[in-house]
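Comments concern the structure below.
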Amino acid sequence: MSRAFLVVMDSVGIGGAPDADQFYNGTTPDTSANTVAHIAQACAAGRAEDGRSGPLHLPNLDALGLGAATRLASGAPTPGLEAEPQGRWGCAREHSPGKDTPSGHWELAGLPVPWDWHYFPDGQPAFPETLSVAAAEAAGTEGILGNCHASGTAIIAELGAEHMRTGWPICYTSADSVFQIAAHEDSFGLDRLLDMCRALAPRLHEMKVGRVIARPFIGSPETGFTRTTNRKDFAIVPPAPVLTNWVQDAGRSVHAVGKIGDILSMQGIDTLHKGSDAELMGHLSDLVDKANDGSLTFANFVEFDSLYGHRRDISGYARALEWFDREIGKIVQKLHPGDLLLLTADHGNDPSWTGTDHTREQVPVLIAGQGSGGIGCVNFADVATSIAHHLNIPAQGPGRSFL
């Protein structure tokens, strides 16, 4: 019995989404955004030299078909990524009406989002008064700070000192369907922050806000503030079974690596492995060694998105891709005969683009362990159906297998 490893390279989009003109960063449509191609072009032009140098070097991902998939999706040149693919490769497009984490992951897991998410307006205040009052009550404070669209790192730099002085939580949102709460792990308390998020989540989920996110940080006004790895997402429970449920219902094991447990509200998950991306790669490597036959490992590597995409850091994103390429090459070499390793993404986050938000793009589908050849342009939901086909279990979603 073979195994499946589904790995989401968070935000590693490849341009070409046919509906990108309907999604925006500020007032600019995402029409020509292309995360991989624009990073490759910047590296080739010498515009990504911070901590690295030269053309983008991704020999393992390119051999699986990353450059070819990017050109298929968008027609954009990919300097440095011009290998003849040795794996199975293609691109995938999303149909859910969002360019956010839950939308992408749910659809990759076989469930296109069946509703429109609620988004908060880009003004100040961003939240209705009743919600602000409820947030303060959940925190046990007289009010909240923030109440606006903001970058998470920028708003704790701006309001961290006031937060420590007043004890009021920092509440903010973005272009995604999220309500984020930042608070100091020591002066406010991590457990108190998580309890606050837990108390507010049902109200926000009823509004069809996709996630309430706890954003703890440490530090001081004198030394500066840093977010910790104790982030936790309180997401809406998927309204129908997803890939993890299909696998578990068939009597197989499901291992979640990274944010997957939060994104899917622990639906259909047997074991959960968290940490930094470097730690997650260690967990993935261990699971390739030890996961039982017939199992699914579903992983998300978030730091492309959280550390570099939103911050529009081209050099940092390129460094992260090159690190991931080196590490995933080791994983490919350890696969057992018959295993499937499928690398994809949930949306784009072009670090060369205007604004700070995700970009609506197609994503790569790169498959190791299952021969070579193109699969063309497929749908996100086809990923789940294909994995179910590989594991020889029933698929319950709308997708079709490309295997």
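Chain labels A, B, ... are given in the sequence in which chains occur in the structure tokens; within each chain residues are numbered consecutively from 1, and ligands are likewise numbered from 1 in the order shown.
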Report task. Please report, as a VMD selection string, each residue of region 35-225 of chain A to which DSSP assigns strand (DSSP E) when run on this structure's backbone. Result -> chain A and resid 88 to 93 145 to 149 170 to 173 178 to 184 211 to 220 224 to 225
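Counting only C-alpha atoms, Glu222 (chain A) has the following residues at most 12 Å away, ignoring those fewer than 6 positions along the same chain: Ala157, Gly160 and Ala161 of chain A.
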Report task. Return the single residue from A:Tyr308, A:Trp323, A:Phe179, A:Trp353 that is closest to Arg203 (chain A), with distances computed using only C-alpha atoms. Result ->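 Looking at the shortest contact to Arg203 (chain A), the residue is A:Phe179.
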Requested in this report: Pick out the residues sitting within 8 Å of Gly110 (chain A), and hand them over as a list of chain:residue names; count only C-alpha atoms, and ignore anything fewer than 2 positions along from it in its own chain.
Outcome: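 Residues meeting the cut-off are A:Trp106, A:Glu107, A:Leu108, A:Pro112, A:Val242, A:Leu243, A:Phe380, A:Ala381, A:Asp382, A:Val383, A:Ala384, A:Thr385, A:Gln396, A:Gly397, A:Pro398, A:Gly399.
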Query raised in the report: For Leu204 (chain A), which of A:Pro97, A:Pro394, A:Pro128, A:Gly338 is the closest residue, counting only C-alpha atoms?
Result: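 Looking at the shortest contact to Leu204 (chain A), the residue is A:Pro128.
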Mind checking which residues fall within 10 Å of Ala318 (chain A), counting only C-alpha atoms, ignoring those fewer than 5 positions away in the same chain, and posting them as a short mmCIF file (atom, residue, chain, number, x, y, z; two decimals) with C-alpha atoms, in the first residue's frame?
```cif
data_model
loop_
_atom_site.label_atom_id
_atom_site.label_comp_id
_atom_site.auth_asym_id
_atom_site.auth_seq_id
_atom_site.Cartn_x
_atom_site.Cartn_y
_atom_site.Cartn_z
CA VAL A 36 7.75 32.74 -9.07
CA ILE A 39 11.33 36.52 -8.23
CA ALA A 40 13.29 34.66 -10.93
CA ALA A 42 14.59 39.94 -10.15
CA CYS A 43 17.31 37.44 -9.23
CA ALA A 48 17.73 40.13 -5.08
CA GLU A 49 21.24 40.17 -3.61
CA ASP A 50 20.47 40.45 0.12
CA GLY A 51 21.85 37.28 1.69
CA ARG A 52 22.09 35.48 -1.65
CA SER A 53 23.36 36.22 -5.15
CA PRO A 55 20.01 33.72 -10.70
CA LEU A 56 17.37 31.87 -8.73
CA HIS A 57 18.78 28.39 -8.07
CA LEU A 58 16.06 25.75 -7.63
CA PHE A 304 7.35 32.19 2.19
CA TYR A 308 8.61 37.53 2.83
CA ASP A 313 10.95 41.07 0.42
CA TRP A 323 16.47 26.65 1.20
CA PHE A 324 13.25 24.74 0.53
CA PRO A 351 6.85 40.20 -3.34
#
```
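Near Asn230 (chain A), within 9 Å and counting only C-alpha atoms, sit A:Leu190, A:Ala214, A:Arg215, A:Pro216, A:Phe217, A:Arg227, A:Gly275; same-chain residues fewer than 3 positions away were not included.
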Residues just named, written with C-alpha atoms as a short mmCIF file (atom, residue, chain, number, x, y, z; two decimals), in the first residue's frame:
```cif
data_model
loop_
_atom_site.label_atom_id
_atom_site.label_comp_id
_atom_site.auth_asym_id
_atom_site.auth_seq_id
_atom_site.Cartn_x
_atom_site.Cartn_y
_atom_site.Cartn_z
CA LEU A 190 -0.76 33.80 25.99
CA ALA A 214 -4.02 34.94 17.81
CA ARG A 215 -0.80 36.88 17.14
CA PRO A 216 1.32 36.78 20.31
CA PHE A 217 4.54 38.79 20.54
CA ARG A 227 6.03 37.89 16.96
CA GLY A 275 7.07 24.68 14.58
#
```
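For region 279-286 of chain A, the non-local neighbours within 10 Å, defined as residues at least 4 positions apart in the same chain or in other chains and counting only C-alpha atoms, are Phe5, Val7, His255, Ala256, Val257, Gly258, Leu272, His273, Lys274, Gly275, Lys290, Ala291, Thr297, Phe298, Ala299, Asn300, Phe301, Val302, Phe324, Glu327, Ile328, Lys330, Ile331, Val332, Lys334 and Leu335 of chain A.
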How would the residues just picked look written out with N, CA and C atoms as a PDB file, in the first residue's frame?
```pdb
ATOM      1  N   PHE A   5       2.030  12.326   0.239  1.00  0.00           N
ATOM      2  CA  PHE A   5       2.535  13.500   0.939  1.00  0.00           C
ATOM      3  C   PHE A   5       2.116  14.729   0.131  1.00  0.00           C
ATOM      4  N   VAL A   7       2.150  18.678   0.041  1.00  0.00           N
ATOM      5  CA  VAL A   7       2.927  19.765   0.638  1.00  0.00           C
ATOM      6  C   VAL A   7       2.542  21.080  -0.024  1.00  0.00           C
ATOM      7  N   HIS A 255      -1.569  12.691   8.973  1.00  0.00           N
ATOM      8  CA  HIS A 255      -0.607  13.481   9.739  1.00  0.00           C
ATOM      9  C   HIS A 255      -0.605  14.916   9.208  1.00  0.00           C
ATOM     10  N   ALA A 256      -0.804  15.886  10.088  1.00  0.00           N
ATOM     11  CA  ALA A 256      -0.816  17.299   9.723  1.00  0.00           C
ATOM     12  C   ALA A 256       0.495  17.939  10.160  1.00  0.00           C
ATOM     13  N   VAL A 257       1.102  18.701   9.263  1.00  0.00           N
ATOM     14  CA  VAL A 257       2.369  19.375   9.532  1.00  0.00           C
ATOM     15  C   VAL A 257       2.156  20.871   9.301  1.00  0.00           C
ATOM     16  N   GLY A 258       2.418  21.680  10.326  1.00  0.00           N
ATOM     17  CA  GLY A 258       2.271  23.121  10.190  1.00  0.00           C
ATOM     18  C   GLY A 258       0.855  23.574  10.499  1.00  0.00           C
ATOM     19  N   LEU A 272      -0.501  15.876  14.865  1.00  0.00           N
ATOM     20  CA  LEU A 272      -0.241  17.268  14.512  1.00  0.00           C
ATOM     21  C   LEU A 272       1.193  17.610  14.870  1.00  0.00           C
ATOM     22  N   HIS A 273       1.911  18.255  13.936  1.00  0.00           N
ATOM     23  CA  HIS A 273       3.322  18.599  14.117  1.00  0.00           C
ATOM     24  C   HIS A 273       3.488  20.080  13.779  1.00  0.00           C
ATOM     25  N   LYS A 274       3.991  20.865  14.731  1.00  0.00           N
ATOM     26  CA  LYS A 274       4.097  22.312  14.547  1.00  0.00           C
ATOM     27  C   LYS A 274       5.536  22.783  14.714  1.00  0.00           C
ATOM     28  N   GLY A 275       5.765  24.074  14.410  1.00  0.00           N
ATOM     29  CA  GLY A 275       7.075  24.679  14.584  1.00  0.00           C
ATOM     30  C   GLY A 275       7.391  25.647  13.472  1.00  0.00           C
ATOM     31  N   LYS A 290       8.874   7.248   8.560  1.00  0.00           N
ATOM     32  CA  LYS A 290       8.147   6.401   9.508  1.00  0.00           C
ATOM     33  C   LYS A 290       6.644   6.263   9.266  1.00  0.00           C
ATOM     34  N   ALA A 291       6.032   7.139   8.460  1.00  0.00           N
ATOM     35  CA  ALA A 291       4.576   7.077   8.291  1.00  0.00           C
ATOM     36  C   ALA A 291       4.168   5.720   7.723  1.00  0.00           C
ATOM     37  N   THR A 297       0.094  12.475   4.594  1.00  0.00           N
ATOM     38  CA  THR A 297       0.739  13.569   5.319  1.00  0.00           C
ATOM     39  C   THR A 297       0.426  14.855   4.570  1.00  0.00           C
ATOM     40  N   PHE A 298      -0.175  15.817   5.257  1.00  0.00           N
ATOM     41  CA  PHE A 298      -0.616  17.079   4.659  1.00  0.00           C
ATOM     42  C   PHE A 298       0.166  18.185   5.373  1.00  0.00           C
ATOM     43  N   ALA A 299       1.019  18.902   4.639  1.00  0.00           N
ATOM     44  CA  ALA A 299       1.930  19.881   5.248  1.00  0.00           C
ATOM     45  C   ALA A 299       1.750  21.258   4.630  1.00  0.00           C
ATOM     46  N   ASN A 300       1.999  22.274   5.440  1.00  0.00           N
ATOM     47  CA  ASN A 300       2.027  23.657   4.969  1.00  0.00           C
ATOM     48  C   ASN A 300       3.314  24.312   5.463  1.00  0.00           C
ATOM     49  N   PHE A 301       4.042  24.935   4.536  1.00  0.00           N
ATOM     50  CA  PHE A 301       5.229  25.728   4.867  1.00  0.00           C
ATOM     51  C   PHE A 301       4.867  27.193   4.638  1.00  0.00           C
ATOM     52  N   VAL A 302       4.721  27.937   5.748  1.00  0.00           N
ATOM     53  CA  VAL A 302       4.067  29.239   5.708  1.00  0.00           C
ATOM     54  C   VAL A 302       5.020  30.417   5.548  1.00  0.00           C
ATOM     55  N   PHE A 324      14.260  25.786   0.688  1.00  0.00           N
ATOM     56  CA  PHE A 324      13.253  24.739   0.532  1.00  0.00           C
ATOM     57  C   PHE A 324      13.667  23.757  -0.568  1.00  0.00           C
ATOM     58  N   GLU A 327      16.195  21.279   0.747  1.00  0.00           N
ATOM     59  CA  GLU A 327      15.624  20.337   1.701  1.00  0.00           C
ATOM     60  C   GLU A 327      14.656  19.365   1.036  1.00  0.00           C
ATOM     61  N   ILE A 328      13.859  19.859   0.098  1.00  0.00           N
ATOM     62  CA  ILE A 328      12.888  18.962  -0.537  1.00  0.00           C
ATOM     63  C   ILE A 328      13.602  17.955  -1.434  1.00  0.00           C
ATOM     64  N   LYS A 330      16.254  16.394  -0.584  1.00  0.00           N
ATOM     65  CA  LYS A 330      16.570  15.284   0.320  1.00  0.00           C
ATOM     66  C   LYS A 330      15.330  14.422   0.576  1.00  0.00           C
ATOM     67  N   ILE A 331      14.175  15.069   0.674  1.00  0.00           N
ATOM     68  CA  ILE A 331      12.925  14.331   0.899  1.00  0.00           C
ATOM     69  C   ILE A 331      12.626  13.422  -0.286  1.00  0.00           C
ATOM     70  N   VAL A 332      12.771  13.949  -1.494  1.00  0.00           N
ATOM     71  CA  VAL A 332      12.482  13.161  -2.694  1.00  0.00           C
ATOM     72  C   VAL A 332      13.340  11.903  -2.726  1.00  0.00           C
ATOM     73  N   LYS A 334      14.285  10.160  -0.341  1.00  0.00           N
ATOM     74  CA  LYS A 334      13.925   9.188   0.696  1.00  0.00           C
ATOM     75  C   LYS A 334      12.568   8.534   0.464  1.00  0.00           C
ATOM     76  N   LEU A 335      11.842   8.943  -0.570  1.00  0.00           N
ATOM     77  CA  LEU A 335      10.520   8.371  -0.801  1.00  0.00           C
ATOM     78  C   LEU A 335      10.605   6.864  -1.010  1.00  0.00           C
TER      79      LEU A 335
END
```
Requested in this report: Extract, using only C-alpha atoms, all DNA, RNA and protein residues at most 9 Å from Pro239 (chain A), discarding same-chain residues fewer than 5 positions from it, and format them as a VMD selection string.
Outcome: chain A and resid 111 113 to 114
Requested in this report: Find, counting only C-alpha atoms, the residue in A:Arg71, A:Arg312, A:Arg3, A:Arg252 that gets nearest to Val363 (chain A).
Outcome: A:Arg71
Query raised in the report: Nearest to Gln41 (chain A): which of A:His118, A:Gln22, A:Ser352, A:Phe188 is it, counting only C-alpha atoms?
Result: A:Ser352
Requested in this report: Taking the DSSP assignment computed from this structure's backbone, write out as a ChimeraX atom specification all residues of region 37-196 of chain A that belong to helix (DSSP H, G or I).
Outcome: /A:37-44,59-64,66-74,101-108,129-139,152-166,185-196
Query - Which of A:Gly251, A:Gly146, A:Gly140, A:Pro238 sits closest to Met266 (chain A) [using only C-alpha atoms] - result: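 Counting only C-alpha atoms, the residue closest to Met266 (chain A) is A:Pro238.
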Query raised in the report: In terms of the shortest atom-to-atom distance over only C-alpha atoms, which of A:Ile14, A:Ile375, A:Ile263, A:Ala20 is closest to Thr35 (chain A)?
Result: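 Result for the nearest residue to Thr35 (chain A): A:Ile14.
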Query raised in the report: CA of Leu342 (chain A) to CA of Gln370 (chain A): how many Å, to one decimal?
Result: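 Distance between the two atoms: 9.7 Å.
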**Report entry** Interatomic distance (Å, one decimal) between CA of Lys259 (chain A) and CA of Thr229 (chain A)
**Finding:** 11.2 Å
